[in-house]
file data.txt (compact mmCIF, C-alpha atoms)
# COMPACT_ATOMS: atom_id res chain seq x y z
CA MET A 24 3.77 -17.80 32.08
CA ALA A 25 5.76 -18.33 35.25
CA ASP A 26 7.53 -21.27 33.66
CA ALA A 27 8.59 -19.31 30.59
CA GLU A 28 11.73 -17.98 32.18
CA ALA A 29 12.85 -21.35 33.50
CA LEU A 30 12.19 -23.02 30.16
CA LEU A 31 13.52 -20.32 27.84
CA GLU A 32 16.71 -19.14 29.47
CA PRO A 33 18.64 -22.40 29.21
CA LEU A 34 18.02 -22.31 25.45
CA ILE A 35 19.31 -18.78 24.86
CA PRO A 36 23.01 -19.70 24.38
CA ALA A 37 22.11 -22.10 21.56
CA LEU A 38 19.80 -19.53 19.94
CA ARG A 39 22.59 -16.95 20.07
CA ARG A 40 25.04 -19.40 18.54
CA TYR A 41 22.71 -20.24 15.64
CA ALA A 42 21.80 -16.56 15.11
CA TYR A 43 25.45 -15.52 15.10
CA ALA A 44 26.38 -18.19 12.57
CA LEU A 45 23.51 -16.99 10.37
CA VAL A 46 24.05 -13.24 10.44
CA ARG A 47 27.74 -13.06 11.45
CA ASP A 48 27.37 -9.91 13.47
CA HIS A 49 27.13 -10.03 17.25
CA ASP A 50 24.61 -7.20 17.67
CA ALA A 51 22.44 -8.21 14.74
CA ALA A 52 22.45 -11.77 16.10
CA ASP A 53 21.22 -10.58 19.49
CA ASP A 54 18.56 -8.47 17.77
CA LEU A 55 17.38 -11.62 16.06
CA VAL A 56 17.36 -13.58 19.32
CA GLN A 57 15.51 -10.77 21.06
CA ASP A 58 12.84 -10.71 18.34
CA THR A 59 12.58 -14.49 18.65
CA LEU A 60 12.14 -14.40 22.43
CA GLU A 61 9.63 -11.55 22.28
CA ARG A 62 7.61 -13.45 19.74
CA ALA A 63 7.78 -16.62 21.80
CA LEU A 64 6.65 -14.76 24.92
CA SER A 65 3.76 -13.13 23.12
CA ARG A 66 2.65 -16.50 21.72
CA TRP A 67 3.46 -18.48 24.84
CA SER A 68 -0.08 -19.63 25.49
CA LEU A 69 -0.46 -20.74 21.86
CA ARG A 70 2.55 -23.00 21.92
CA ARG A 71 1.75 -26.64 21.69
CA SER A 72 2.44 -28.29 25.00
CA ASP A 73 3.44 -31.54 23.29
CA GLY A 74 5.72 -29.78 20.83
CA ASP A 75 9.44 -29.40 21.32
CA LEU A 76 10.17 -25.93 22.68
CA ARG A 77 13.67 -25.87 21.25
CA ALA A 78 12.48 -26.73 17.75
CA TRP A 79 9.73 -24.12 18.03
CA LEU A 80 12.22 -21.40 18.97
CA PHE A 81 14.60 -22.34 16.17
CA THR A 82 11.65 -22.23 13.77
CA ILE A 83 10.73 -18.72 14.85
CA LEU A 84 14.33 -17.54 14.66
CA ARG A 85 14.94 -18.99 11.23
CA ASN A 86 11.67 -17.62 9.84
CA LEU A 87 12.46 -14.15 11.15
CA HIS A 88 15.90 -14.39 9.58
CA VAL A 89 14.58 -15.57 6.22
CA SER A 90 11.93 -12.81 6.19
CA ALA A 91 14.47 -10.14 7.03
CA ARG A 92 16.83 -11.42 4.35
CA ARG A 93 14.06 -11.37 1.79
CA GLN A 94 13.28 -7.79 2.70
CA GLY A 95 16.95 -6.88 2.58
CA GLN A 96 17.29 -8.40 -0.87
CA ARG A 97 14.26 -6.51 -2.07
CA ARG A 98 15.97 -3.34 -0.97
CA GLY A 99 19.01 -4.38 -2.92
CA MET A 100 21.33 -4.94 -0.01
CA HIS A 101 23.12 -8.24 0.14
CA VAL A 102 25.58 -8.34 2.93
CA GLU A 103 26.78 -11.86 2.38
CA LEU A 104 28.52 -11.15 -0.91
CA ASP A 105 30.74 -8.64 0.81
CA GLU A 106 31.49 -11.11 3.52
CA ALA A 107 32.22 -13.83 1.01
CA THR A 108 34.76 -11.73 -0.85
CA SER A 109 36.38 -10.21 2.19
CA PRO A 110 39.63 -11.81 3.33
CA SER A 111 38.80 -14.71 5.53
CA THR A 112 39.78 -14.74 9.15
CA ARG A 113 42.81 -16.84 9.74
CA ALA A 114 41.50 -18.36 12.92
CA GLN A 115 42.43 -21.87 11.89
CA GLN A 116 45.85 -20.93 10.62
CA GLU A 117 47.82 -22.94 13.12
CA SER A 118 46.12 -26.13 11.97
CA GLY A 119 47.84 -25.61 8.64
CA LEU A 120 45.24 -27.51 6.68
CA GLU A 121 42.06 -25.48 6.78
CA LEU A 122 43.22 -21.91 6.40
CA GLN A 123 39.87 -20.41 5.62
CA ASP A 124 37.49 -19.58 8.42
CA ILE A 125 34.86 -22.26 8.25
CA LEU A 126 32.08 -19.79 9.11
CA THR A 127 33.02 -17.48 6.25
CA THR A 128 33.04 -20.45 3.94
CA LEU A 129 29.68 -21.59 5.27
CA ASP A 130 28.25 -18.20 4.26
CA GLN A 131 28.69 -19.18 0.65
CA LEU A 132 26.15 -21.97 0.94
CA PRO A 133 22.45 -21.42 0.22
CA GLU A 134 20.56 -20.53 3.38
CA ASP A 135 18.75 -23.87 3.63
CA GLN A 136 21.94 -25.91 3.46
CA LYS A 137 23.72 -23.57 5.83
CA SER A 138 20.86 -23.76 8.35
CA LEU A 139 20.83 -27.55 8.19
CA LEU A 140 24.56 -27.85 8.77
CA LEU A 141 24.07 -25.67 11.84
CA LEU A 142 20.83 -27.13 13.18
CA VAL A 143 21.87 -30.75 12.73
CA GLY A 144 25.65 -30.55 12.94
CA VAL A 145 26.00 -28.00 15.71
CA GLU A 146 22.67 -27.76 17.54
CA ASP A 147 22.13 -31.54 17.46
CA LEU A 148 18.50 -31.32 16.42
CA SER A 149 17.05 -34.59 15.15
CA TYR A 150 16.54 -34.97 11.41
CA ASP A 151 12.79 -34.94 12.00
CA ASP A 152 12.89 -31.72 14.02
CA ALA A 153 15.13 -30.11 11.42
CA ALA A 154 12.59 -31.12 8.79
CA LYS A 155 9.81 -29.44 10.77
CA ILE A 156 11.86 -26.29 11.24
CA MET A 157 12.62 -26.07 7.54
CA GLY A 158 9.11 -27.11 6.52
CA VAL A 159 10.33 -29.93 4.27
CA PRO A 160 10.18 -33.75 4.43
CA THR A 161 12.94 -35.58 6.30
CA GLY A 162 14.19 -37.07 3.02
CA THR A 163 14.80 -33.57 1.71
CA VAL A 164 16.71 -32.73 4.86
CA MET A 165 19.01 -35.70 4.28
CA SER A 166 19.75 -34.82 0.67
CA ARG A 167 20.28 -31.12 1.43
CA LEU A 168 22.54 -32.00 4.30
CA ALA A 169 24.62 -34.24 2.03
CA ARG A 170 24.75 -31.54 -0.64
CA GLY A 171 25.63 -28.84 1.88
CA ARG A 172 28.50 -30.86 3.32
CA GLN A 173 29.75 -31.73 -0.12
CA LYS A 174 29.75 -28.07 -1.08
CA LEU A 175 31.46 -26.96 2.11
CA ARG A 176 34.16 -29.57 1.55
CA ALA A 177 34.66 -28.42 -2.03
CA LEU A 178 34.85 -24.77 -1.00
CA LEU A 179 37.36 -25.42 1.75
CA GLU A 180 39.49 -27.54 -0.58
CA THR A 181 39.41 -24.86 -3.29
CA GLY A 182 40.46 -22.27 -0.76
CA ARG A 183 43.37 -24.42 0.21
CA THR A 184 44.43 -25.01 -3.39
CA THR A 185 44.27 -21.30 -4.16
CA LEU A 186 46.44 -20.54 -1.21
CA LEU A 187 49.01 -23.18 -2.03
CA ARG A 188 49.25 -21.86 -5.54
CA ARG A 189 49.79 -18.36 -4.23
CA VAL A 190 52.59 -19.59 -2.00
CA LYS A 191 54.48 -21.28 -4.82
CA MET B 17 31.29 -58.74 12.41
CA THR B 18 28.36 -57.27 10.57
CA ASP B 19 27.46 -58.23 7.03
CA ARG B 20 29.49 -56.04 4.74
CA ASN B 21 27.07 -56.50 1.88
CA LEU B 22 24.25 -54.61 3.52
CA PRO B 23 23.59 -51.58 1.31
CA ILE B 24 24.91 -48.32 2.75
CA GLY B 25 23.05 -45.25 1.55
CA GLU B 26 23.99 -41.59 1.61
CA ASP B 27 21.47 -41.01 4.42
CA GLU B 28 23.29 -43.52 6.55
CA LEU B 29 26.62 -41.92 5.75
CA GLN B 30 25.24 -38.57 6.92
CA ALA B 31 23.97 -40.19 10.11
CA PHE B 32 27.48 -41.62 10.54
CA VAL B 33 28.98 -38.14 10.13
CA ASP B 34 26.53 -36.93 12.78
CA GLU B 35 27.40 -39.85 15.09
CA ARG B 36 23.81 -40.97 15.18
CA LEU B 37 24.13 -44.63 14.22
CA ASP B 38 23.74 -47.38 16.72
CA GLY B 39 26.47 -49.95 17.21
CA GLU B 40 25.48 -52.45 14.54
CA ARG B 41 24.92 -50.04 11.69
CA ARG B 42 27.92 -47.99 12.68
CA ALA B 43 30.05 -51.09 12.43
CA ALA B 44 28.55 -51.79 9.01
CA VAL B 45 29.40 -48.30 7.79
CA GLU B 46 32.90 -48.53 9.22
CA ALA B 47 33.43 -51.82 7.43
CA HIS B 48 32.13 -50.31 4.21
CA LEU B 49 34.46 -47.34 4.55
CA ALA B 50 37.40 -49.61 5.26
CA ALA B 51 36.76 -51.25 1.90
CA HIS B 52 36.36 -47.91 0.06
CA PRO B 53 39.28 -45.60 0.85
CA ASP B 54 38.04 -42.73 -1.34
CA LEU B 55 34.72 -42.69 0.40
CA ALA B 56 36.44 -43.06 3.75
CA GLU B 57 38.52 -39.99 3.05
CA ARG B 58 35.45 -37.95 2.07
CA ILE B 59 33.49 -39.00 5.14
CA GLY B 60 36.50 -38.38 7.35
CA THR B 61 36.74 -34.83 5.98
CA GLU B 62 33.06 -34.23 6.57
CA ARG B 63 33.35 -35.43 10.15
CA ARG B 64 36.36 -33.23 10.73
CA GLN B 65 34.63 -30.18 9.25
CA ARG B 66 31.56 -30.80 11.39
CA ALA B 67 33.83 -30.83 14.45
CA MET B 68 35.57 -27.65 13.26
CA LEU B 69 32.27 -25.85 12.88
CA ARG B 70 31.25 -26.88 16.38
CA SER B 71 34.47 -25.77 17.98
CA ARG B 72 34.47 -22.54 15.97
CA LEU B 73 31.15 -21.67 17.65
CA ASP B 74 32.03 -22.86 21.15
CA ALA B 75 33.05 -19.41 22.34
CA LYS B 76 29.75 -17.91 21.22
CA PHE B 77 27.82 -20.56 23.09
CA ALA B 78 29.87 -19.99 26.25
CA GLU B 79 29.21 -16.23 26.36
CA PRO B 80 27.06 -15.05 29.27
CA ILE B 81 23.53 -14.05 28.29
CA PRO B 82 23.39 -10.27 27.74
CA ALA B 83 21.01 -8.37 30.01
CA ARG B 84 18.72 -7.36 27.18
CA LEU B 85 17.99 -11.00 26.43
CA ARG B 86 17.12 -12.02 29.99
CA ILE B 87 13.52 -13.11 30.06
CA ALA B 88 12.72 -10.99 33.11
CA ASN B 89 13.99 -7.89 31.30
CA LEU B 90 12.15 -8.72 28.11
CA ARG B 91 8.95 -9.16 30.08
CA ALA B 92 9.44 -5.87 31.89
CA THR B 93 9.81 -3.95 28.65
CA ARG B 94 7.00 -5.72 26.83
CA ARG B 95 3.86 -3.63 26.39
CA THR B 96 5.56 -0.45 27.48
CA SER B 97 8.17 0.17 24.84
CA ARG B 98 9.90 -1.99 22.34
CA ALA B 99 13.50 -1.29 21.59
CA ARG B 100 12.85 -1.56 17.91
CA GLY B 101 9.65 -1.62 15.91
CA TRP B 102 6.63 -1.21 18.12
CA THR B 103 6.59 1.96 20.11
CA SER B 104 4.83 3.37 23.08
CA ALA B 105 2.76 5.32 20.60
CA ALA B 106 0.54 2.29 20.80
CA ALA B 107 -0.71 3.45 24.14
CA ALA B 108 -1.07 7.03 22.94
CA VAL B 109 -3.47 6.11 20.19
CA ALA B 110 -5.14 3.37 22.21
CA ILE B 111 -5.05 0.60 19.68
CA PHE B 112 -3.98 -2.86 20.50
CA VAL B 113 -1.07 -4.92 19.41
CA CYS B 114 -2.84 -7.79 17.84
CA GLY B 115 -0.82 -10.64 16.39
CA ALA B 116 -1.91 -10.92 12.81
CA THR B 117 0.13 -14.06 12.61
CA ALA B 118 -0.99 -15.53 15.92
CA GLY B 119 -2.97 -18.26 14.23
CA TRP B 120 0.14 -19.55 12.62
CA PHE B 121 1.59 -20.59 15.93
CA ALA B 122 -1.50 -22.43 16.95
CA ASN B 123 -0.52 -24.98 14.35
CA GLY B 124 2.73 -25.83 16.03
CA ILE B 125 5.92 -25.64 14.11
CA ALA B 126 4.93 -27.11 10.75
CA PRO B 127 4.55 -24.12 8.36
CA ALA B 128 7.49 -23.18 6.22
CA SER B 129 7.65 -19.45 6.56
CA LEU B 130 6.39 -16.72 8.74
CA PRO B 131 4.54 -13.96 6.92
CA ILE B 132 6.21 -10.58 7.01
CA ALA B 133 4.40 -8.31 9.44
CA PRO B 134 1.83 -6.39 7.39
CA THR B 135 2.90 -3.10 8.94
CA ALA B 136 6.48 -3.76 7.82
CA SER B 137 5.24 -4.39 4.32
CA VAL B 138 3.21 -1.15 4.33
CA ALA B 139 6.20 0.77 5.71
CA HIS B 140 8.40 -0.62 2.94
CA GLY B 141 5.92 0.28 0.24
CA ALA B 142 5.65 3.77 1.67
CA GLN B 143 9.41 4.22 1.83
CA ALA B 144 9.94 2.97 -1.69
CA ALA B 145 7.30 5.38 -2.96
CA TYR B 146 8.80 8.16 -0.88
CA ARG B 147 12.28 7.59 -2.26
CA THR B 148 10.98 7.52 -5.80
CA PHE B 149 8.83 10.61 -5.80
CA VAL B 150 10.11 12.92 -3.13
CA VAL B 151 13.17 13.77 -5.21
CA GLU B 152 11.00 14.46 -8.23
CA VAL B 153 11.20 18.10 -9.19
CA ALA B 154 9.11 18.32 -12.34
CA HIS B 155 6.29 15.97 -11.41
CA PRO B 156 6.27 15.27 -7.69
CA VAL B 157 2.53 14.63 -7.83
CA GLU B 158 0.23 13.30 -10.50
CA VAL B 159 -2.68 15.52 -9.55
CA GLY B 160 -1.99 18.81 -7.85
CA VAL B 161 -3.66 20.44 -4.91
CA GLN B 162 -5.55 22.80 -7.26
CA GLN B 163 -7.72 19.80 -8.07
CA GLU B 164 -7.92 18.49 -4.52
CA ALA B 165 -11.55 17.41 -4.70
CA HIS B 166 -10.96 15.51 -7.92
CA LEU B 167 -7.76 13.99 -6.56
CA LEU B 168 -9.41 12.67 -3.42
CA GLN B 169 -12.45 11.39 -5.26
CA TRP B 170 -10.27 9.59 -7.79
CA LEU B 171 -7.96 8.03 -5.18
CA SER B 172 -10.94 7.06 -3.00
CA LYS B 173 -12.53 5.28 -5.91
CA ARG B 174 -9.40 3.34 -6.79
CA LEU B 175 -8.61 2.44 -3.18
CA GLY B 176 -12.15 1.48 -2.30
CA ARG B 177 -12.06 3.68 0.74
CA LYS B 178 -13.01 7.27 1.33
CA LEU B 179 -9.79 9.18 1.46
CA ALA B 180 -9.43 12.62 3.00
CA ALA B 181 -6.29 14.71 3.04
CA PRO B 182 -5.53 15.39 6.72
CA ASP B 183 -4.83 18.99 7.55
CA LEU B 184 -1.21 19.20 8.67
CA SER B 185 -0.91 22.99 8.60
CA SER B 186 -0.37 23.09 12.36
CA PHE B 187 2.86 21.18 11.71
CA GLY B 188 3.83 23.53 8.89
CA TYR B 189 3.00 21.10 6.09
CA ARG B 190 0.65 21.89 3.23
CA LEU B 191 -0.79 19.50 0.68
CA MET B 192 0.94 19.43 -2.71
CA GLY B 193 -1.17 16.73 -4.32
CA GLY B 194 -1.06 13.01 -4.76
CA ARG B 195 -0.69 10.03 -7.02
CA LEU B 196 -1.84 6.49 -7.55
CA LEU B 197 0.69 3.65 -7.23
CA PRO B 198 0.70 -0.11 -7.39
CA GLY B 199 0.63 -1.42 -3.85
CA GLY B 200 0.33 -4.96 -2.54
CA SER B 201 -2.32 -6.74 -4.56
CA GLY B 202 -4.13 -3.56 -5.53
CA ALA B 203 -3.64 0.18 -5.61
CA ALA B 204 -1.94 2.51 -3.20
CA ALA B 205 -2.39 6.23 -2.80
CA GLN B 206 0.34 8.69 -1.95
CA LEU B 207 -0.42 12.19 -0.73
CA MET B 208 2.50 14.57 -0.69
CA TYR B 209 2.96 17.59 1.55
CA ASP B 210 5.77 20.09 1.87
CA ASP B 211 6.77 22.72 4.38
CA ALA B 212 8.20 26.21 3.98
CA SER B 213 11.73 24.88 3.73
CA GLY B 214 10.78 22.43 1.00
CA ARG B 215 10.87 19.32 3.19
CA ARG B 216 8.46 16.77 1.89
CA LEU B 217 6.20 14.43 3.79
CA THR B 218 4.08 11.65 2.35
CA ILE B 219 1.03 9.76 3.52
CA TYR B 220 0.70 6.35 1.97
CA VAL B 221 -2.50 4.28 2.07
CA ARG B 222 -3.33 0.88 0.68
CA ALA B 223 -5.65 -2.02 1.36
CA THR B 224 -3.91 -4.68 3.37
CA GLU B 225 -4.40 -7.89 5.26
CA GLY B 226 -4.26 -7.91 9.00
CA THR B 227 -6.05 -6.38 11.90
CA GLU B 228 -5.40 -3.23 13.88
CA THR B 229 -1.84 -2.76 14.97
CA ALA B 230 0.23 -0.38 16.96
CA PHE B 231 2.46 2.15 15.23
CA ARG B 232 5.58 0.71 13.74
CA PHE B 233 8.55 3.00 13.44
CA GLN B 234 11.15 2.48 10.78
CA ARG B 235 14.04 4.60 9.62
CA GLU B 236 15.82 4.24 6.32
CA GLY B 237 18.52 6.77 5.57
CA GLU B 238 17.06 10.21 6.17
CA ALA B 239 13.47 9.13 6.00
CA SER B 240 11.46 8.03 9.03
CA THR B 241 8.19 6.19 8.74
CA PHE B 242 5.37 5.42 11.11
CA ALA B 243 3.08 2.72 9.77
CA TRP B 244 -0.07 1.13 11.17
CA ILE B 245 -3.07 -0.86 10.09
CA ASP B 246 -6.63 0.15 10.71
CA GLN B 247 -9.85 -1.33 9.38
CA GLY B 248 -8.31 -3.27 6.51
CA PHE B 249 -6.03 -0.47 5.34
CA GLY B 250 -2.38 0.14 5.93
CA PHE B 251 -1.24 3.71 6.54
CA ALA B 252 2.23 5.17 6.61
CA VAL B 253 3.59 8.65 7.23
CA THR B 254 7.10 9.28 5.93
CA ALA B 255 9.27 12.37 6.29
CA PRO B 256 12.90 13.34 6.80
CA ALA B 257 12.23 13.93 10.48
CA SER B 258 13.19 12.45 13.81
CA ARG B 259 10.96 9.97 15.52
CA GLU B 260 9.93 12.61 18.06
CA GLU B 261 9.01 15.12 15.35
CA LEU B 262 7.11 12.59 13.29
CA LEU B 263 5.11 10.92 16.04
CA PRO B 264 2.63 13.79 16.69
CA ILE B 265 2.10 14.10 12.93
CA ALA B 266 1.41 10.38 12.64
CA GLU B 267 -1.05 10.62 15.51
CA ALA B 268 -2.81 13.53 13.84
CA VAL B 269 -3.03 11.59 10.59
CA TYR B 270 -4.31 8.54 12.46
CA ARG B 271 -7.03 10.61 14.11
CA GLY B 272 -7.83 12.31 10.81
CA PHE B 273 -8.48 9.03 9.04
CA ASP B 274 -10.19 7.42 11.99
CA GLY B 275 -12.84 10.12 12.12
CA LYS B 276 -13.55 10.10 8.42
CA SER B 277 -13.64 6.43 7.55
call {"tool": "encode", "arguments": {"input": "data.txt", "output": "structure tokens"}}
result
Amino acid sequence: MADAEALLEPLIPALRRYAYALVRDHDAADDLVQDTLERALSRWSLRRSDGDLRAWLFTILRNLHVSARRQGQRRGMHVELDEATSPSTRAQQESGLELQDILTTLDQLPEDQKSLLLLVGVEDLSYDDAAKIMGVPTGTVMSRLARGRQKLRALLETGRTTLLRRVK
Amino acid sequence: MTDRNLPIGEDELQAFVDERLDGERRAAVEAHLAAHPDLAERIGTERRQRAMLRSRLDAKFAEPIPARLRIANLRATRRTSRARGWTSAAAAVAIFVCGATAGWFANGIAPASLPIAPTASVAHGAQAAYRTFVVEVAHPVEVGVQQEAHLLQWLSKRLGRKLAAPDLSSFGYRLMGGRLLPGGSGAAAQLMYDDASGRRLTIYVRATEGTETAFRFQREGEASTFAWIDQGFGFAVTAPASREELLPIAEAVYRGFDGKS
């Protein structure tokens, strides 16, 4: 257990980044990371020594997130719709082209596509590791990734068109 | 120059977007894109959006790790008190936190989803039942306390477990009655109590998977719930009370069922 700290801490910034992109709330994201780390610590001895620690942690985090979302939906709360319809942050405004906040746009994708765009595109996990995290074959990862990127592109382009029309 | 006629698939285009192609294949994709401007524009956009997403999240990645996430701090608080969920009540009632899902991790990272903690599921069932019936004026219970013996016999039979109604009079709550509900894969029983001011408290019991667990505290709106699992059954106590008020009641209920099972 002595090595847990040395192995886990360097991975925390990436876990926080993924969690924040998923839940879009700083405190809720840290709650999710905390649950992930507690679970990892309590299962430390059961972790496979040949397995990739990073992929294992992302698996735990994503599963906790998916479970919590499922429970939230059962209770009839769906936060993401509110977020999707709220005015997007104009963080990219100066670029002129992409006016919508890319994270807000990403929220409109199904969870599996959103997670893949983050795990592969941001966290640099291999396609095989991403497949293990999502519990699907690598081929499915590739097609979902393509579909997710296509959808994101379409959404960002629509946002731009809408805005241009409004300006006219 | 690489052969331009080599087939380029969507997978390879994605790998190009992710900058994961080695020199030869990357050159092949670049050549292909040069010959197909529409595709080149699409792939260029995808690359740019991938870079945008990364830079959008840079600041989050660069933040210092908050104290509550430091491993040393997490370790120090483990077993004593959890910030959310598990409570130190575990020690009070001397039952062990036992990972019902521990076996899952022994298999590495392959499985698709993590089962919801059984206590969370029991707590949710209890809260849903509480919300539904505690506001009921005309028929808060299906069988009233006048027929207590019949009620308990009937619920025991349907649950497959001898059910007693714990005496909560020392907390000011008296039994009103109970009802049978669907719960998990079988039946659930709800016993309802009220106090002099009309506040209602429910005890919810149903068969459930999982081994013994510590108390799990959950609050939803006004209603607080302590849930736990013991000998194949999930129990939950729900009332519009604070955690501190509810804990001794939950302990009394736990002891009540433990002695009579």
call {"tool": "closest_atom_pairs", "arguments": {"input": "data.txt", "of": "chain A", "to": "chain B", "cutoff": "8 Å", "atoms": "all atoms listed in the file", "output": "JSON lines"}}
result
{"residue": "A:Ala27", "atom": "CA", "partner": "B:Ile87", "partner_atom": "CA", "distance": 7.9}
{"residue": "A:Glu28", "atom": "CA", "partner": "B:Ile87", "partner_atom": "CA", "distance": 5.6}
{"residue": "A:Leu31", "atom": "CA", "partner": "B:Ile87", "partner_atom": "CA", "distance": 7.5}
{"residue": "A:Glu32", "atom": "CA", "partner": "B:Ile87", "partner_atom": "CA", "distance": 6.8}
{"residue": "A:Ile35", "atom": "CA", "partner": "B:Ile81", "partner_atom": "CA", "distance": 7.2}
{"residue": "A:Pro36", "atom": "CA", "partner": "B:Phe77", "partner_atom": "CA", "distance": 5.1}
{"residue": "A:Ala37", "atom": "CA", "partner": "B:Phe77", "partner_atom": "CA", "distance": 6.1}
{"residue": "A:Arg39", "atom": "CA", "partner": "B:Phe77", "partner_atom": "CA", "distance": 7.0}
{"residue": "A:Arg40", "atom": "CA", "partner": "B:Phe77", "partner_atom": "CA", "distance": 5.5}
{"residue": "A:Tyr43", "atom": "CA", "partner": "B:Lys76", "partner_atom": "CA", "distance": 7.9}
{"residue": "A:Ala44", "atom": "CA", "partner": "B:Leu73", "partner_atom": "CA", "distance": 7.8}
{"residue": "A:Asp53", "atom": "CA", "partner": "B:Leu85", "partner_atom": "CA", "distance": 7.7}
{"residue": "A:Val56", "atom": "CA", "partner": "B:Leu85", "partner_atom": "CA", "distance": 7.6}
{"residue": "A:Gln57", "atom": "CA", "partner": "B:Leu85", "partner_atom": "CA", "distance": 5.9}
{"residue": "A:Leu60", "atom": "CA", "partner": "B:Leu85", "partner_atom": "CA", "distance": 7.9}
{"residue": "A:Glu61", "atom": "CA", "partner": "B:Leu90", "partner_atom": "CA", "distance": 7.0}
{"residue": "A:Leu64", "atom": "CA", "partner": "B:Arg91", "partner_atom": "CA", "distance": 8.0}
{"residue": "A:Arg66", "atom": "CA", "partner": "B:Ala118", "partner_atom": "CA", "distance": 6.9}
{"residue": "A:Leu69", "atom": "CA", "partner": "B:Ala122", "partner_atom": "CA", "distance": 5.3}
{"residue": "A:Arg70", "atom": "CA", "partner": "B:Ala122", "partner_atom": "CA", "distance": 6.4}
{"residue": "A:Arg71", "atom": "CA", "partner": "B:Gly124", "partner_atom": "CA", "distance": 5.8}
{"residue": "A:Gly74", "atom": "CA", "partner": "B:Gly124", "partner_atom": "CA", "distance": 6.9}
{"residue": "A:Ala78", "atom": "CA", "partner": "B:Ile125", "partner_atom": "CA", "distance": 7.6}
{"residue": "A:Trp79", "atom": "CA", "partner": "B:Ile125", "partner_atom": "CA", "distance": 5.7}
{"residue": "A:Thr82", "atom": "CA", "partner": "B:Ile125", "partner_atom": "CA", "distance": 6.7}
{"residue": "A:Ile83", "atom": "CA", "partner": "B:Leu130", "partner_atom": "CA", "distance": 7.8}
{"residue": "A:Asn86", "atom": "CA", "partner": "B:Leu130", "partner_atom": "CA", "distance": 5.5}
{"residue": "A:Leu87", "atom": "CA", "partner": "B:Leu130", "partner_atom": "CA", "distance": 7.0}
{"residue": "A:Val89", "atom": "CA", "partner": "B:Ser129", "partner_atom": "CA", "distance": 7.9}
{"residue": "A:Ser90", "atom": "CA", "partner": "B:Ile132", "partner_atom": "CA", "distance": 6.2}
{"residue": "A:Ile125", "atom": "CA", "partner": "B:Leu69", "partner_atom": "CA", "distance": 6.4}
{"residue": "A:Leu126", "atom": "CA", "partner": "B:Leu69", "partner_atom": "CA", "distance": 7.1}
{"residue": "A:Val143", "atom": "CA", "partner": "B:Asp34", "partner_atom": "CA", "distance": 7.7}
{"residue": "A:Gly144", "atom": "CA", "partner": "B:Arg66", "partner_atom": "CA", "distance": 6.1}
{"residue": "A:Val145", "atom": "CA", "partner": "B:Arg70", "partner_atom": "CA", "distance": 5.4}
{"residue": "A:Lys155", "atom": "CA", "partner": "B:Ala126", "partner_atom": "CA", "distance": 5.4}
{"residue": "A:Ile156", "atom": "CA", "partner": "B:Ile125", "partner_atom": "CA", "distance": 6.6}
{"residue": "A:Met157", "atom": "CA", "partner": "B:Ala128", "partner_atom": "CA", "distance": 6.0}
{"residue": "A:Gly158", "atom": "CA", "partner": "B:Ala128", "partner_atom": "CA", "distance": 4.3}
{"residue": "A:Val159", "atom": "CA", "partner": "B:Ala128", "partner_atom": "CA", "distance": 7.6}
{"residue": "A:Met165", "atom": "CA", "partner": "B:Asp27", "partner_atom": "CA", "distance": 5.9}
{"residue": "A:Ser166", "atom": "CA", "partner": "B:Asp27", "partner_atom": "CA", "distance": 7.4}
{"residue": "A:Leu168", "atom": "CA", "partner": "B:Gln30", "partner_atom": "CA", "distance": 7.6}
{"residue": "A:Ala169", "atom": "CA", "partner": "B:Gln30", "partner_atom": "CA", "distance": 6.6}
{"residue": "A:Arg172", "atom": "CA", "partner": "B:Glu62", "partner_atom": "CA", "distance": 6.5}
{"residue": "A:Gln173", "atom": "CA", "partner": "B:Glu62", "partner_atom": "CA", "distance": 7.9}
{"residue": "A:Arg176", "atom": "CA", "partner": "B:Glu62", "partner_atom": "CA", "distance": 6.9}
call {"tool": "closest_residue", "arguments": {"input": "data.txt", "among": "B:Val153, B:Leu175, B:Ile24, B:Val161", "to": "Arg41 (chain B)", "atoms": "only C-alpha atoms"}}
result
B:Ile24
call {"tool": "closest_residue", "arguments": {"input": "data.txt", "among": "B:Thr254, B:Gly60, B:Arg222, B:Leu207", "to": "Glu236 (chain B)", "atoms": "all atoms listed in the file"}}
result
B:Thr254
call {"tool": "atom_distance", "arguments": {"input": "data.txt", "atom1": "CA of Glu180 (chain A)", "atom2": "CA of Glu146 (chain A)"}}
result
24.7 Å
call {"tool": "closest_residue", "arguments": {"input": "data.txt", "among": "A:Asp124, A:Tyr41, A:Glu134, A:Arg47", "to": "Leu84 (chain A)", "atoms": "only C-alpha atoms"}}
result
A:Tyr41
call {"tool": "atom_distance", "arguments": {"input": "data.txt", "atom1": "CA of Phe242 (chain B)", "atom2": "CA of Ala51 (chain A)"}}
result
22.1 Å
call {"tool": "residues_around", "arguments": {"input": "data.txt", "residues": "Tyr189 (chain B)", "least_positions_apart": "2", "cutoff": "10 Å", "atoms": "only C-alpha atoms", "output": "ChimeraX atom specification"}}
result
/B:183-187,191-192,208-217,265
call {"tool": "closest_residue", "arguments": {"input": "data.txt", "among": "B:Arg174, B:Arg259, B:Arg42, B:Arg195", "to": "Thr148 (chain B)", "atoms": "only C-alpha atoms"}}
result
B:Arg195
call {"tool": "atom_distance", "arguments": {"input": "data.txt", "atom1": "CA of Arg77 (chain A)", "atom2": "CA of Ala83 (chain B)"}}
result
20.9 Å
call {"tool": "closest_residue", "arguments": {"input": "data.txt", "among": "B:Ser201, B:Thr229, B:Gln143, B:Thr224", "to": "Ala255 (chain B)", "atoms": "only C-alpha atoms"}}
result
B:Gln143
